[in-house]
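Trainee: One structure follows; several queries about it will come next.
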Amino acid sequence: MAAGVKALPDGKKAASHAQAMGRFLANPRVTPEGLSVPLLAATREAVTADGGEYVLAVADWSRVNDGGHASKRDRLQMTHATDVGDELQSSLLVSAEDGAPLGVPVQDLVTAQGVWSSCADTISPKVSSPLDELSERMSWLEQQKFGPRLVHVIDREADSVGHLRRWTRDGQLWLVRAKGNSTVRYGNGSMRIDAVAKQLGYTRERQVLCQGRPIQHWIASAPVVLTRPAKPKKIGADGRRQRPVPGEPLKARLVVSRLCDEAGHLVAEWFLLTSVPETVSAARVALWYDFRWQIESFFKLLKQAGHQLEQWEQESGGALFKRLLIATQACILVWRLAAQQTEEAQAARQFLVRLSGRQMKASRLVTPSALLAGAFILFAILDSLDHSSIPELRAFANSILLANGGDG
């Protein structure tokens with residue numbers, strides 16, 4: 001099911017290449033950390049070329065459903081007996097200027113046996129919670145010293161005051177989506193975030209299209225303080241959940257991002273908490289959260305529109321993770337092509353989109369999935385030309401048409 005070149009230009013059969021790939025992935029000298037070297041190098045190069053003051057480190061989790069892959073030995077049970085597979089945990093660096101994806105320097109894959117990481121050679125024990133795992137990944141990213149300040153952008157799963165305090169102590173900048181029923185101190189009292197949002201004054205920032213209709217984007221912001229105790233989900237030695245942990249008051253900025261139709265009716269609303277300095281406007285903070293969608297597009301490339309990750313047949317999490325890192329390099333390839341502004345790159349994009357046969361909105365001339373599909377077809381064509389002449393290829397086509405009742 002997975003798209004891609006089935007045979008390389010060396011005259012061997014596709015089965016031979018599949019066996020060779022299996023041996024490669026099983027080779028203990030081929031490590032996730034080694035396969036990640038070109039991914040990290042490509043990310044550094046893209047960050048340098050971007051040249052911004054900030055770079056967004058977007059983090060998210062995605063389940064890899066292996067329910068139909070009974071031969072896989074280390075499937076992780078999620079919510080119920082038939083909900084089995086692995087959990088992919090990725091950090092995607094995104095331009096804070098235009099939202100373009102820059103690279104995927106670090107990823108983890110959680111299996112029943114432990115955690116495979118792109119920054120380690122061997123499998124590690126599972127950590128107590130996804131946010132604890134994310135904290136380790138964030139620290140590793142900070143240690144890479146890419147140059148610009150990293151702003152860690154995370155969805156609503158990160159509305160955990162204990163982790164926000166930890167990240168602030170570590171000097172990390174964060175932008176998280178908060179729950180409306182979370183409590184903060186605002187003014188002289190304590191109240192829910194959604195109640196604070198109702199008291200703010202909003203500024204119209206821009207008009208956007210939502211499902212084909214014009215929508216107005218409104219922004220408001222206010223300083224708040226998080227004083228509530230942390231509520232760890234960890235289970236203690238006595239089998240009970242740990243008690244709430246008080247902490248120092250944590251200053252933050254609340255940014256409320258609203259979408260309203262022309263009649264003023266609320267279409268969507270996001271409550272954002274951030275430690276980003278006031279020199280970054282609330283409108284820009286809201287736009288940065290919009291850029292978070294790039295990681296969902298990355299997961300789509302891996303699982304649906306490009307590589308069909310959930311149909312791979314590797315029987316261990318380690319082999320699957322190594323192949324995933326190779327597939328990630330292909331994603332970076334099409335991101336680079338999409339970002340280039342030369343006439344040659346534009347012509348190459350148009351050619352690959354035509355080869356792909358993908359249907360897109362009239363407003364979108366190029367998508368990463370179309371570039372990826374077109375590249376696979378282009379490499380297959382080049383492989384064919386290495387082994388057959390153009391007259392031979394035309395003869396093959398005529399044979400197919402004649403076999404199906406055509407006139408050749």
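Chain labels run A, B, ... following the order of the structure tokens; each chain numbers its residues from 1, and ligands are numbered from 1 in the order shown.
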Excluding Leu25 of chain A and residues on its chain fewer than 4 positions from it, collect all residues at most 12 Å away from it, counting only C-alpha atoms, and give them as an mmCIF file with all heavy atoms, in the first residue's frame.
Mentor:
data_model
loop_
_atom_site.group_PDB
_atom_site.id
_atom_site.type_symbol
_atom_site.label_atom_id
_atom_site.label_comp_id
_atom_site.auth_asym_id
_atom_site.auth_seq_id
_atom_site.Cartn_x
_atom_site.Cartn_y
_atom_site.Cartn_z
ATOM 1 N N ALA A 18 13.257 -5.174 -1.064
ATOM 2 C CA ALA A 18 12.521 -5.289 0.198
ATOM 3 C C ALA A 18 13.324 -6.093 1.213
ATOM 4 O O ALA A 18 13.387 -5.746 2.396
ATOM 5 C CB ALA A 18 11.160 -5.933 -0.048
ATOM 6 N N GLN A 19 13.948 -7.190 0.744
ATOM 7 C CA GLN A 19 14.780 -7.991 1.644
ATOM 8 C C GLN A 19 15.993 -7.201 2.123
ATOM 9 O O GLN A 19 16.389 -7.278 3.286
ATOM 10 C CB GLN A 19 15.224 -9.264 0.924
ATOM 11 C CG GLN A 19 14.084 -10.240 0.662
ATOM 12 C CD GLN A 19 14.523 -11.438 -0.154
ATOM 13 O OE1 GLN A 19 15.630 -11.464 -0.704
ATOM 14 N NE2 GLN A 19 13.654 -12.436 -0.260
ATOM 15 N N ALA A 20 16.588 -6.432 1.213
ATOM 16 C CA ALA A 20 17.744 -5.625 1.593
ATOM 17 C C ALA A 20 17.360 -4.574 2.633
ATOM 18 O O ALA A 20 18.104 -4.320 3.583
ATOM 19 C CB ALA A 20 18.337 -4.957 0.354
ATOM 20 N N MET A 21 16.181 -3.955 2.445
ATOM 21 C CA MET A 21 15.713 -2.982 3.424
ATOM 22 C C MET A 21 15.485 -3.646 4.776
ATOM 23 O O MET A 21 15.828 -3.091 5.828
ATOM 24 C CB MET A 21 14.429 -2.317 2.940
ATOM 25 C CG MET A 21 13.785 -1.375 3.954
ATOM 26 S SD MET A 21 14.843 0.002 4.430
ATOM 27 C CE MET A 21 14.516 1.123 3.068
ATOM 28 N N ARG A 29 24.065 -1.953 13.802
ATOM 29 C CA ARG A 29 24.939 -0.809 13.578
ATOM 30 C C ARG A 29 24.184 0.376 12.985
ATOM 31 O O ARG A 29 24.681 1.500 12.992
ATOM 32 C CB ARG A 29 26.092 -1.199 12.657
ATOM 33 C CG ARG A 29 27.079 -2.175 13.295
ATOM 34 C CD ARG A 29 28.196 -2.540 12.334
ATOM 35 N NE ARG A 29 27.670 -3.269 11.182
ATOM 36 C CZ ARG A 29 28.394 -3.621 10.117
ATOM 37 N NH1 ARG A 29 29.678 -3.305 10.072
ATOM 38 N NH2 ARG A 29 27.847 -4.274 9.130
ATOM 39 N N VAL A 30 22.982 0.124 12.459
ATOM 40 C CA VAL A 30 22.122 1.202 11.959
ATOM 41 C C VAL A 30 21.246 1.652 13.121
ATOM 42 O O VAL A 30 20.327 0.948 13.537
ATOM 43 C CB VAL A 30 21.251 0.727 10.778
ATOM 44 C CG1 VAL A 30 20.330 1.855 10.317
ATOM 45 C CG2 VAL A 30 22.123 0.239 9.636
ATOM 46 N N THR A 31 21.538 2.795 13.684
ATOM 47 C CA THR A 31 20.844 3.265 14.880
ATOM 48 C C THR A 31 19.944 4.456 14.554
ATOM 49 O O THR A 31 20.197 5.197 13.591
ATOM 50 C CB THR A 31 21.848 3.686 15.961
ATOM 51 O OG1 THR A 31 22.593 4.831 15.490
ATOM 52 C CG2 THR A 31 22.816 2.551 16.278
ATOM 53 N N PRO A 32 18.897 4.668 15.350
ATOM 54 C CA PRO A 32 18.070 5.864 15.153
ATOM 55 C C PRO A 32 18.881 7.154 15.229
ATOM 56 O O PRO A 32 18.655 8.085 14.443
ATOM 57 C CB PRO A 32 17.057 5.763 16.296
ATOM 58 C CG PRO A 32 16.952 4.312 16.591
ATOM 59 C CD PRO A 32 18.336 3.781 16.386
ATOM 60 N N LEU A 35 20.686 7.612 11.928
ATOM 61 C CA LEU A 35 19.780 7.999 10.854
ATOM 62 C C LEU A 35 19.276 9.427 11.014
ATOM 63 O O LEU A 35 18.803 10.031 10.038
ATOM 64 C CB LEU A 35 18.587 7.032 10.809
ATOM 65 C CG LEU A 35 18.891 5.605 10.352
ATOM 66 C CD1 LEU A 35 17.653 4.725 10.509
ATOM 67 C CD2 LEU A 35 19.365 5.588 8.900
ATOM 68 N N GLN A 314 6.853 -3.833 9.127
ATOM 69 C CA GLN A 314 7.946 -4.130 10.065
ATOM 70 C C GLN A 314 7.369 -4.739 11.344
ATOM 71 O O GLN A 314 6.336 -4.289 11.840
ATOM 72 C CB GLN A 314 8.715 -2.847 10.397
ATOM 73 C CG GLN A 314 9.777 -2.478 9.382
ATOM 74 C CD GLN A 314 9.206 -2.110 8.021
ATOM 75 O OE1 GLN A 314 8.231 -1.388 7.938
ATOM 76 N NE2 GLN A 314 9.808 -2.617 6.960
ATOM 77 N N GLU A 315 8.020 -5.766 11.875
ATOM 78 C CA GLU A 315 7.474 -6.519 12.995
ATOM 79 C C GLU A 315 8.033 -6.072 14.344
ATOM 80 O O GLU A 315 7.756 -6.717 15.358
ATOM 81 C CB GLU A 315 7.725 -8.014 12.781
ATOM 82 C CG GLU A 315 6.988 -8.554 11.562
ATOM 83 C CD GLU A 315 7.128 -10.047 11.406
ATOM 84 O OE1 GLU A 315 7.889 -10.656 12.198
ATOM 85 O OE2 GLU A 315 6.487 -10.618 10.504
ATOM 86 N N SER A 316 8.791 -5.017 14.379
ATOM 87 C CA SER A 316 9.279 -4.484 15.657
ATOM 88 C C SER A 316 9.229 -2.963 15.606
ATOM 89 O O SER A 316 9.328 -2.348 14.533
ATOM 90 C CB SER A 316 10.714 -4.946 15.934
ATOM 91 O OG SER A 316 11.624 -4.301 15.057
ATOM 92 N N GLY A 317 9.074 -2.368 16.784
ATOM 93 C CA GLY A 317 9.042 -0.923 16.857
ATOM 94 C C GLY A 317 10.351 -0.294 16.420
ATOM 95 O O GLY A 317 10.356 0.774 15.802
ATOM 96 N N GLY A 318 11.482 -0.960 16.720
ATOM 97 C CA GLY A 318 12.774 -0.414 16.334
ATOM 98 C C GLY A 318 12.923 -0.301 14.825
ATOM 99 O O GLY A 318 13.370 0.724 14.308
ATOM 100 N N ALA A 319 12.535 -1.365 14.093
ATOM 101 C CA ALA A 319 12.634 -1.336 12.631
ATOM 102 C C ALA A 319 11.673 -0.314 12.039
ATOM 103 O O ALA A 319 12.008 0.421 11.109
ATOM 104 C CB ALA A 319 12.346 -2.725 12.072
ATOM 105 N N LEU A 320 10.462 -0.254 12.586
ATOM 106 C CA LEU A 320 9.487 0.715 12.093
ATOM 107 C C LEU A 320 9.983 2.141 12.307
ATOM 108 O O LEU A 320 9.835 3.009 11.443
ATOM 109 C CB LEU A 320 8.148 0.491 12.788
ATOM 110 C CG LEU A 320 6.967 1.339 12.302
ATOM 111 C CD1 LEU A 320 5.677 0.524 12.291
ATOM 112 C CD2 LEU A 320 6.783 2.572 13.184
ATOM 113 N N PHE A 321 10.597 2.400 13.463
ATOM 114 C CA PHE A 321 11.066 3.747 13.773
ATOM 115 C C PHE A 321 12.208 4.148 12.844
ATOM 116 O O PHE A 321 12.285 5.290 12.386
ATOM 117 C CB PHE A 321 11.510 3.818 15.232
ATOM 118 C CG PHE A 321 11.866 5.202 15.691
ATOM 119 C CD1 PHE A 321 10.982 6.249 15.552
ATOM 120 C CD2 PHE A 321 13.098 5.459 16.280
ATOM 121 C CE1 PHE A 321 11.310 7.537 15.977
ATOM 122 C CE2 PHE A 321 13.439 6.730 16.708
ATOM 123 C CZ PHE A 321 12.537 7.769 16.554
ATOM 124 N N LYS A 322 13.105 3.224 12.540
ATOM 125 C CA LYS A 322 14.199 3.534 11.625
ATOM 126 C C LYS A 322 13.656 3.882 10.241
ATOM 127 O O LYS A 322 14.107 4.843 9.607
ATOM 128 C CB LYS A 322 15.165 2.351 11.530
ATOM 129 C CG LYS A 322 15.942 2.055 12.801
ATOM 130 C CD LYS A 322 16.811 0.821 12.613
ATOM 131 C CE LYS A 322 17.473 0.385 13.913
ATOM 132 N NZ LYS A 322 18.295 -0.834 13.724
ATOM 133 N N ARG A 323 12.683 3.105 9.785
ATOM 134 C CA ARG A 323 12.092 3.410 8.476
ATOM 135 C C ARG A 323 11.372 4.754 8.517
ATOM 136 O O ARG A 323 11.383 5.507 7.542
ATOM 137 C CB ARG A 323 11.129 2.291 8.065
ATOM 138 C CG ARG A 323 10.521 2.514 6.691
ATOM 139 C CD ARG A 323 9.623 1.370 6.258
ATOM 140 N NE ARG A 323 8.955 1.695 5.001
ATOM 141 C CZ ARG A 323 8.060 0.918 4.406
ATOM 142 N NH1 ARG A 323 7.731 -0.243 4.956
ATOM 143 N NH2 ARG A 323 7.493 1.283 3.275
ATOM 144 N N LEU A 324 10.754 5.063 9.640
ATOM 145 C CA LEU A 324 10.057 6.338 9.785
ATOM 146 C C LEU A 324 11.030 7.512 9.647
ATOM 147 O O LEU A 324 10.708 8.541 9.047
ATOM 148 C CB LEU A 324 9.349 6.377 11.130
ATOM 149 C CG LEU A 324 8.454 7.570 11.444
ATOM 150 C CD1 LEU A 324 7.285 7.121 12.324
ATOM 151 C CD2 LEU A 324 9.215 8.678 12.159
ATOM 152 N N LEU A 325 12.232 7.371 10.196
ATOM 153 C CA LEU A 325 13.225 8.431 10.091
ATOM 154 C C LEU A 325 13.664 8.624 8.646
ATOM 155 O O LEU A 325 13.913 9.758 8.203
ATOM 156 C CB LEU A 325 14.425 8.117 10.983
ATOM 157 C CG LEU A 325 14.139 8.092 12.488
ATOM 158 C CD1 LEU A 325 15.363 7.610 13.258
ATOM 159 C CD2 LEU A 325 13.697 9.462 12.989
ATOM 160 N N ILE A 326 13.750 7.540 7.886
ATOM 161 C CA ILE A 326 14.077 7.650 6.462
ATOM 162 C C ILE A 326 12.944 8.356 5.722
ATOM 163 O O ILE A 326 13.182 9.233 4.871
ATOM 164 C CB ILE A 326 14.345 6.253 5.868
ATOM 165 C CG1 ILE A 326 15.550 5.598 6.563
ATOM 166 C CG2 ILE A 326 14.585 6.339 4.367
ATOM 167 C CD1 ILE A 326 15.754 4.140 6.204
#
Trainee: Considering only C-alpha atoms, return as a ChimeraX atom specification whatever protein or nucleic-acid residues lie within 8 Å of segment 39-44 of chain A, sequence-local ones (same chain, fewer than 6 positions apart) excluded.
Mentor: /A:93,102-106,146,328-329,332
Trainee: Env of Arg75 of chain A: 7 Å cut, atoms = only C-alpha atoms, seq-sep filter 5 positions within chain, self excluded. Answer as an NGL selection string.
Mentor: :A and (84-86 or 111-112)
Trainee: Keeping only N, CA, C and O atoms, write the selected residues to a file as a PDB file, in the first residue's frame.
Mentor:
ATOM      1  N   VAL A  84      -4.620  -0.903  19.660  1.00  0.00           N
ATOM      2  CA  VAL A  84      -3.211  -1.242  19.873  1.00  0.00           C
ATOM      3  C   VAL A  84      -2.363  -0.605  18.771  1.00  0.00           C
ATOM      4  O   VAL A  84      -2.828  -0.357  17.665  1.00  0.00           O
ATOM      5  N   GLY A  85      -1.116  -0.370  19.094  1.00  0.00           N
ATOM      6  CA  GLY A  85      -0.189   0.207  18.131  1.00  0.00           C
ATOM      7  C   GLY A  85       0.983   0.852  18.833  1.00  0.00           C
ATOM      8  O   GLY A  85       1.468   0.355  19.854  1.00  0.00           O
ATOM      9  N   ASP A  86       1.442   1.963  18.301  1.00  0.00           N
ATOM     10  CA  ASP A  86       2.543   2.724  18.872  1.00  0.00           C
ATOM     11  C   ASP A  86       2.115   4.189  18.983  1.00  0.00           C
ATOM     12  O   ASP A  86       1.113   4.591  18.385  1.00  0.00           O
ATOM     13  N   THR A 111       6.549   2.179  22.377  1.00  0.00           N
ATOM     14  CA  THR A 111       6.029   0.840  22.144  1.00  0.00           C
ATOM     15  C   THR A 111       5.792   0.174  23.499  1.00  0.00           C
ATOM     16  O   THR A 111       6.067   0.744  24.555  1.00  0.00           O
ATOM     17  N   ALA A 112       5.294  -1.048  23.472  1.00  0.00           N
ATOM     18  CA  ALA A 112       5.053  -1.775  24.718  1.00  0.00           C
ATOM     19  C   ALA A 112       6.356  -2.073  25.447  1.00  0.00           C
ATOM     20  O   ALA A 112       6.370  -2.208  26.675  1.00  0.00           O
TER      21      ALA A 112
END
Trainee: Pick out the closest residue to Gln211 of chain A from this set: A:Val267, A:Leu337, A:Ala282, A:Leu402. Count only C-alpha atoms.
Mentor: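 Answer, going by the shortest atom-to-atom distance: A:Val267.
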Trainee: Would you list the contacts of Ala49 of chain A as a list in words, taking every protein, DNA or RNA residue within 12 Å and counting only C-alpha atoms, but skipping same-chain residues closer than 2 positions in sequence?
Mentor: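 Skipping anything fewer than 2 positions along the chain leaves Ala42, Thr43, Arg44, Glu45, Ala46, Val47, Gly51, Gly52, Glu53, Val55, Ser95, Glu97, Ala100, Leu102, Phe146, Gly147, Pro148, Arg336, Ala339 and Gln340 of chain A.
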Trainee: Could you pull the residues within 12 Å of Ala347 of chain A, counting only C-alpha atoms, minus those fewer than 3 positions along the same chain, as a list in words?
Mentor: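 The residues that qualify are Leu337, Ala338, Gln340, Gln341, Thr342, Glu343, Glu344, Gln350, Phe351, Leu352, Val353, Arg354, Leu365, Val366 and Leu371 of chain A.
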Trainee: DSSP on the backbone: which residues in segment 225-341 of chain A end up as strand (DSSP E)? Give the answer as a list in words.
Mentor: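 Selection result, strand (DSSP E) within segment 225-341 of chain A: Val225, Leu226, Leu250, Lys251, Ala252, Arg253, Leu254, Val255, Val256, Ser257, Arg258, Leu259, Cys260, Leu266, Val267, Ala268, Glu269, Trp270, Phe271, Leu272, Leu273 and Thr274 of chain A.
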Trainee: Pick out each residue of segment 15-217 of chain A that DSSP on the backbone tags as alpha helix (DSSP H); I need them as a PyMOL selection string.
Mentor: chain A and resi 15-26+32-35+37-50+130-143+161-169+193-199
Trainee: Let me make sure I understand: among A:Arg240, A:Leu273, A:Ala286, A:Gln77, which one has the smallest atom-to-atom distance to Ala96 of chain A if we use only C-alpha atoms?
Mentor: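 Ranked by minimum distance to Ala96 of chain A, first place goes to A:Ala286.
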Trainee: If you count only C-alpha atoms, which residues fall within 6 Å of Leu109 of chain A, apart from same-chain ones fewer than 2 positions away, as a ChimeraX atom specification?
Mentor: /A:87-88,115-116
Trainee: Please list as a PDB file with N, CA and C atoms, in the first residue's frame every residue within 6 Å of Ser90 of chain A, counting only C-alpha atoms and excluding residues in the same chain fewer than 2 positions away.
Mentor:
ATOM      1  N   ALA A  59       5.249  20.704  19.035  1.00  0.00           N
ATOM      2  CA  ALA A  59       5.266  19.323  19.533  1.00  0.00           C
ATOM      3  C   ALA A  59       3.861  18.747  19.522  1.00  0.00           C
ATOM      4  N   ASP A  60       3.778  17.457  19.177  1.00  0.00           N
ATOM      5  CA  ASP A  60       2.477  16.795  19.226  1.00  0.00           C
ATOM      6  C   ASP A  60       2.694  15.288  19.232  1.00  0.00           C
ATOM      7  N   GLN A 107      12.418  12.877  17.295  1.00  0.00           N
ATOM      8  CA  GLN A 107      11.158  12.137  17.390  1.00  0.00           C
ATOM      9  C   GLN A 107      11.347  10.955  18.332  1.00  0.00           C
TER      10      GLN A 107
END
Trainee: Name the closest residue to Leu134 of chain A among the candidates A:His163, A:Leu272, A:Gly247, A:Arg156; distances are taken between atoms, counting only C-alpha atoms.
Mentor: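 Smallest distance to Leu134 of chain A is found for A:His163.
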Trainee: Point out the residue among A:Leu173, A:Pro101, A:Ala230, A:Lys179 with the least atom-to-atom distance to Val285 of chain A, counting only C-alpha atoms.
Mentor: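 Comparing A:Leu173, A:Pro101, A:Ala230, A:Lys179 against Val285 of chain A, the winner is A:Leu173.
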Trainee: Find the distance between atom CA of Ser160 of chain A and atom CA of Asp83 of chain A and write it in Å to one decimal.
Mentor: 26.1 Å
Trainee: For Ile193 of chain A, which residue among A:Arg166, A:Arg253, A:Phe271, A:Met138 is the nearest when counting only C-alpha atoms?
Mentor: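 Checking each candidate against Ile193 of chain A, we get A:Phe271 as the closest.
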Trainee: Which of these, A:Arg149, A:Val225, A:Glu296, A:Ser135, has the shortest distance to Tyr186 of chain A once you count only C-alpha atoms?
Mentor: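 Looking at the shortest contact to Tyr186 of chain A, the residue is A:Val225.
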Trainee: Can you measure atom CA of Ala120 of chain A to atom CA of Leu56 of chain A for me? One decimal in Å is fine.
Mentor: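 Separating atom CA of Ala120 of chain A from atom CA of Leu56 of chain A is a distance of 23.3 Å.
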